[in-house]
file final.csv (CSV, C-alpha atoms)
chain,number,residue,atom,x,y,z
A,1,MET,CA,-28.1,65.2,37.2
A,2,SER,CA,-26.6,61.9,38.3
A,3,PRO,CA,-27.6,58.8,36.4
A,4,ALA,CA,-30.2,56.6,38.0
A,5,ARG,CA,-28.9,53.7,40.0
A,6,PRO,CA,-29.9,50.2,38.9
A,7,PRO,CA,-32.2,48.4,41.3
A,8,ALA,CA,-30.4,46.3,43.9
A,9,ARG,CA,-30.3,42.6,43.2
A,10,LYS,CA,-31.0,39.9,45.8
A,11,LYS,CA,-27.9,38.0,46.7
A,12,ALA,CA,-28.1,34.4,45.6
A,13,LYS,CA,-26.9,31.7,47.9
A,14,SER,CA,-23.5,30.3,46.9
A,15,ALA,CA,-23.1,26.7,46.0
A,16,LEU,CA,-21.2,26.1,49.2
A,17,ALA,CA,-23.9,27.5,51.4
A,18,SER,CA,-26.5,25.1,49.9
A,19,THR,CA,-24.4,21.9,50.5
A,20,PRO,CA,-24.9,20.2,53.8
A,21,ARG,CA,-22.1,20.5,56.3
A,22,ARG,CA,-19.7,17.7,56.9
A,23,GLU,CA,-21.4,15.1,59.1
A,24,THR,CA,-19.3,13.9,62.0
A,25,LYS,CA,-19.0,10.2,62.4
A,26,PRO,CA,-19.6,8.6,65.8
A,27,GLN,CA,-16.0,7.5,66.1
A,28,ASP,CA,-14.9,11.1,65.5
A,29,GLU,CA,-17.0,12.3,68.4
A,30,GLN,CA,-15.6,10.0,71.0
A,31,GLN,CA,-12.6,7.8,71.2
A,32,ASP,CA,-13.0,5.6,74.3
A,33,GLY,CA,-14.5,8.4,76.2
A,34,LYS,CA,-11.7,10.8,75.4
A,35,GLU,CA,-11.7,14.0,73.5
A,36,PRO,CA,-10.9,13.5,69.8
A,37,ALA,CA,-7.2,13.8,69.0
A,38,GLY,CA,-6.0,16.9,67.3
A,39,ARG,CA,-8.7,19.2,68.8
A,40,ALA,CA,-7.9,21.5,71.6
A,41,THR,CA,-9.9,21.5,74.8
A,42,ALA,CA,-10.6,24.3,77.1
A,43,THR,CA,-7.6,23.5,79.3
A,44,GLU,CA,-5.1,23.1,76.4
A,45,PRO,CA,-3.5,26.1,74.9
A,46,THR,CA,-4.0,26.4,71.1
A,47,HIS,CA,-0.9,28.4,70.5
A,48,GLY,CA,2.7,28.7,71.9
A,49,ASN,CA,5.3,26.0,72.4
A,50,ASP,CA,3.9,22.6,72.7
A,51,SER,CA,6.5,20.6,74.7
A,52,ALA,CA,4.7,17.3,74.0
A,53,ARG,CA,5.3,17.6,70.3
A,54,PRO,CA,8.2,15.4,69.0
A,55,PRO,CA,11.1,17.1,67.3
A,56,LEU,CA,11.0,17.8,63.6
A,57,ALA,CA,13.6,15.1,62.8
A,58,ALA,CA,11.6,12.5,64.6
A,59,ARG,CA,8.5,13.5,62.7
A,60,ILE,CA,10.3,13.4,59.4
A,61,ARG,CA,11.8,9.9,60.2
A,62,THR,CA,8.3,8.7,61.1
A,63,ARG,CA,6.7,10.1,58.0
A,64,LEU,CA,9.3,9.2,55.4
A,65,GLY,CA,10.7,6.0,56.9
A,66,HIS,CA,14.4,4.9,56.9
A,67,SER,CA,14.9,4.9,53.1
A,68,GLY,CA,13.0,8.2,52.6
A,69,THR,CA,15.0,9.9,55.3
A,70,ARG,CA,18.2,8.7,53.7
A,71,ALA,CA,17.0,10.0,50.3
A,72,LEU,CA,16.2,13.4,51.9
A,73,LEU,CA,19.6,13.5,53.4
A,74,VAL,CA,21.2,12.8,50.0
A,75,VAL,CA,19.1,15.7,48.6
A,76,VAL,CA,20.2,18.0,51.4
A,77,ARG,CA,23.8,17.1,51.1
A,78,SER,CA,23.7,17.5,47.3
A,79,GLY,CA,22.1,20.9,47.6
A,80,LEU,CA,24.7,22.0,50.1
A,81,ARG,CA,27.6,20.8,47.8
A,82,PHE,CA,26.0,22.4,44.8
A,83,GLY,CA,25.6,25.7,46.7
A,84,ALA,CA,29.2,25.7,47.8
A,85,VAL,CA,30.5,24.9,44.4
A,86,ALA,CA,28.3,27.6,42.7
A,87,ALA,CA,29.3,30.2,45.3
A,88,THR,CA,33.0,29.4,44.8
A,89,TYR,CA,32.6,29.6,41.0
A,90,VAL,CA,30.8,32.9,41.1
A,91,LEU,CA,33.4,34.3,43.5
A,92,GLY,CA,36.3,33.1,41.3
A,93,MET,CA,34.7,34.4,38.1
A,94,PHE,CA,34.0,37.8,39.7
A,95,ALA,CA,37.6,38.0,40.8
A,96,ALA,CA,39.0,36.9,37.4
A,97,VAL,CA,36.7,39.1,35.3
A,98,THR,CA,36.3,42.2,37.4
A,99,VAL,CA,38.9,42.5,40.1
A,100,VAL,CA,42.1,41.3,38.2
A,101,PRO,CA,41.7,43.8,35.3
A,102,ASN,CA,41.0,46.6,37.7
A,103,VAL,CA,44.2,45.7,39.6
A,104,PHE,CA,46.2,45.9,36.4
A,105,LEU,CA,44.7,49.3,35.6
A,106,MET,CA,45.2,50.6,39.1
A,107,VAL,CA,48.9,49.5,39.2
A,108,SER,CA,49.6,50.8,35.7
A,109,GLY,CA,47.9,54.2,36.4
A,110,GLY,CA,49.6,54.5,39.8
A,111,SER,CA,53.1,53.7,38.6
A,112,GLY,CA,53.1,56.0,35.6
A,113,VAL,CA,54.6,53.3,33.4
A,114,GLY,CA,53.4,53.3,29.8
A,115,PRO,CA,54.1,51.4,26.6
A,116,ALA,CA,57.0,53.8,25.7
A,117,SER,CA,58.9,52.9,29.0
A,118,PRO,CA,61.8,50.5,28.9
A,119,LEU,CA,61.1,46.9,29.5
A,120,GLU,CA,63.0,46.7,32.8
A,121,MET,CA,60.9,49.6,34.1
A,122,GLN,CA,57.6,47.9,33.0
A,123,VAL,CA,58.5,44.7,34.7
A,124,THR,CA,59.7,46.4,37.9
A,125,TYR,CA,56.9,48.9,38.3
A,126,TRP,CA,54.0,47.3,36.7
A,127,LEU,CA,54.2,43.5,36.2
A,128,VAL,CA,55.7,42.4,39.5
A,129,PRO,CA,53.3,44.5,41.7
A,130,SER,CA,50.3,43.3,39.6
A,131,LEU,CA,51.3,39.7,39.9
A,132,PHE,CA,51.8,40.1,43.7
A,133,LEU,CA,48.3,41.5,44.1
A,134,ILE,CA,46.8,38.9,41.8
A,135,GLY,CA,48.5,36.2,44.0
A,136,LEU,CA,47.0,37.7,47.1
A,137,ILE,CA,43.5,37.8,45.4
A,138,PHE,CA,44.0,34.1,44.4
A,139,VAL,CA,44.9,33.1,47.9
A,140,LEU,CA,41.9,35.1,49.3
A,141,VAL,CA,39.5,33.2,46.8
A,142,LEU,CA,41.0,29.9,47.9
A,143,VAL,CA,40.5,30.8,51.6
A,144,VAL,CA,36.9,31.7,51.0
A,145,ALA,CA,36.3,28.6,49.0
A,146,ARG,CA,37.9,26.4,51.7
A,147,TRP,CA,35.7,28.1,54.3
A,148,LEU,CA,32.6,27.5,52.2
A,149,TRP,CA,33.5,23.9,51.7
A,150,ARG,CA,34.0,23.4,55.5
A,151,ALA,CA,30.8,25.2,56.3
A,152,GLN,CA,28.8,23.0,53.9
A,153,GLY,CA,30.5,19.9,55.4
A,154,GLY,CA,29.5,21.0,58.9
A,155,LEU,CA,26.0,21.7,57.9
A,156,ALA,CA,25.8,18.3,56.1
A,157,THR,CA,27.0,16.6,59.3
A,158,LYS,CA,24.4,18.4,61.4
A,159,ALA,CA,21.7,17.4,58.9
A,160,ARG,CA,22.9,13.8,59.0
A,161,ARG,CA,22.9,13.7,62.8
A,162,SER,CA,19.5,15.4,63.0
A,163,LEU,CA,17.8,13.3,60.4
A,164,LEU,CA,19.3,9.9,61.2
A,165,GLY,CA,19.6,10.3,64.9
A,166,GLU,CA,21.9,7.9,66.8
A,167,GLU,CA,22.7,5.8,63.8
A,168,ALA,CA,24.6,8.6,62.1
A,169,GLY,CA,28.0,7.4,63.4
A,170,ARG,CA,29.1,5.9,60.0

call {"tool": "encode", "arguments": {"input": "final.csv", "output": "structure tokens"}}
result
Amino acid sequence: MSPARPPARKKAKSALASTPRRETKPQDEQQDGKEPAGRATATEPTHGNDSARPPLAARIRTRLGHSGTRALLVVVRSGLRFGAVAATYVLGMFAAVTVVPNVFLMVSGGSGVGPASPLEMQVTYWLVPSLFLIGLIFVLVLVVARWLWRAQGGLATKARRSLLGEEAGR
């Protein structure tokens, strides 16, 4: 036998249902005989691209003002610089801690030179090729760091032009 089900309870009205709805003010209803701003009418689409809407940068300038826009620009540029420096640091540390020791191991294992080999043979077959490859890795890290720095500079310039508009020609 299955246990008996408890009797169903009546649902109580929630606190929100018992409060009166927001009353509209007369000035909300009509603004000089026009429809209230912000509400879509039957002829206006409620979705899609609204070409009458100002661009984001203009809305930000309007909302934050001149000093607020400049402060936002400082935050954006600082974030871009920090990101570029952090990415360069991570790349350099990865190369120094992981790639360089593996290059030394690869060259020493491939050349067959060991600690019992004469010094001239160790320098010729192990040290010189290892230093050459490490130099190439160093140049590669510098090229990537330069590219990251230029990319953040370009993004910072775009942000300045976008946020400050025509006055960005410092």

call {"tool": "atom_distance", "arguments": {"input": "final.csv", "atom1": "atom CA of Ala71 of chain A", "atom2": "atom CA of Thr88 of chain A"}}
result
25.7 Å

call {"tool": "atom_distance", "arguments": {"input": "final.csv", "atom1": "atom CA of Val128 of chain A", "atom2": "atom CA of Met106 of chain A"}}
result
13.3 Å

call {"tool": "residues_around", "arguments": {"input": "final.csv", "residues": "Leu133 of chain A", "least_positions_apart": "2", "cutoff": "12 Å", "atoms": "all atoms listed in the file", "output": "PyMOL selection string"}}
result
chain A and resi 95+99-104+106-107+126-131+135-140

call {"tool": "closest_residue", "arguments": {"input": "final.csv", "among": "A:Thr98, A:Ser111, A:Thr124, A:Thr69", "to": "Arg160 of chain A", "atoms": "all atoms listed in the file"}}
result
A:Thr69

call {"tool": "closest_residue", "arguments": {"input": "final.csv", "among": "A:Leu119, A:Gly110, A:Arg77, A:His66", "to": "Gly154 of chain A", "atoms": "all atoms listed in the file"}}
result
A:Arg77

call {"tool": "atom_distance", "arguments": {"input": "final.csv", "atom1": "atom CA of Arg81 of chain A", "atom2": "atom CA of Leu148 of chain A"}}
result
9.4 Å

call {"tool": "closest_residue", "arguments": {"input": "final.csv", "among": "A:Pro55, A:Gly92, A:Gly65, A:Gly153", "to": "Gly79 of chain A", "atoms": "only C-alpha atoms"}}
result
A:Gly153

call {"tool": "closest_residue", "arguments": {"input": "final.csv", "among": "A:Val74, A:Ala57, A:Ala52, A:Val141", "to": "Phe94 of chain A", "atoms": "only C-alpha atoms"}}
result
A:Val141

call {"tool": "build_atoms", "arguments": {"input": "final.csv", "residues": "segment 90-104 of chain A", "atoms": "N, CA and C atoms", "output": "mmCIF file, in the coordinates of the input"}}
result
data_model
loop_
_atom_site.group_PDB
_atom_site.id
_atom_site.type_symbol
_atom_site.label_atom_id
_atom_site.label_comp_id
_atom_site.auth_asym_id
_atom_site.auth_seq_id
_atom_site.Cartn_x
_atom_site.Cartn_y
_atom_site.Cartn_z
ATOM 1 N N VAL A 90 31.157 31.521 41.334
ATOM 2 C CA VAL A 90 30.800 32.900 41.100
ATOM 3 C C VAL A 90 31.860 33.848 41.719
ATOM 4 N N LEU A 91 32.381 33.503 42.881
ATOM 5 C CA LEU A 91 33.400 34.300 43.500
ATOM 6 C C LEU A 91 34.696 34.314 42.611
ATOM 7 N N GLY A 92 35.097 33.139 42.120
ATOM 8 C CA GLY A 92 36.300 33.100 41.300
ATOM 9 C C GLY A 92 36.100 33.817 39.959
ATOM 10 N N MET A 93 34.927 33.691 39.350
ATOM 11 C CA MET A 93 34.700 34.400 38.100
ATOM 12 C C MET A 93 34.627 35.924 38.318
ATOM 13 N N PHE A 94 34.046 36.335 39.434
ATOM 14 C CA PHE A 94 34.000 37.800 39.700
ATOM 15 C C PHE A 94 35.438 38.295 39.914
ATOM 16 N N ALA A 95 36.259 37.533 40.614
ATOM 17 C CA ALA A 95 37.600 38.000 40.800
ATOM 18 C C ALA A 95 38.396 38.004 39.495
ATOM 19 N N ALA A 96 38.212 36.997 38.650
ATOM 20 C CA ALA A 96 39.000 36.900 37.400
ATOM 21 C C ALA A 96 38.487 37.951 36.379
ATOM 22 N N VAL A 97 37.210 38.227 36.329
ATOM 23 C CA VAL A 97 36.700 39.100 35.300
ATOM 24 C C VAL A 97 36.650 40.561 35.707
ATOM 25 N N THR A 98 36.470 40.823 36.984
ATOM 26 C CA THR A 98 36.300 42.200 37.400
ATOM 27 C C THR A 98 37.507 42.709 38.223
ATOM 28 N N VAL A 99 37.921 41.972 39.207
ATOM 29 C CA VAL A 99 38.900 42.500 40.100
ATOM 30 C C VAL A 99 40.325 42.500 39.474
ATOM 31 N N VAL A 100 40.718 41.426 38.799
ATOM 32 C CA VAL A 100 42.100 41.300 38.200
ATOM 33 C C VAL A 100 42.318 42.431 37.179
ATOM 34 N N PRO A 101 41.432 42.656 36.214
ATOM 35 C CA PRO A 101 41.700 43.800 35.300
ATOM 36 C C PRO A 101 41.762 45.125 35.960
ATOM 37 N N ASN A 102 40.937 45.330 36.966
ATOM 38 C CA ASN A 102 41.000 46.600 37.700
ATOM 39 C C ASN A 102 42.299 46.745 38.467
ATOM 40 N N VAL A 103 42.852 45.651 38.965
ATOM 41 C CA VAL A 103 44.200 45.700 39.600
ATOM 42 C C VAL A 103 45.237 46.106 38.653
ATOM 43 N N PHE A 104 45.200 45.495 37.457
ATOM 44 C CA PHE A 104 46.200 45.900 36.400
ATOM 45 C C PHE A 104 46.078 47.362 36.091
#
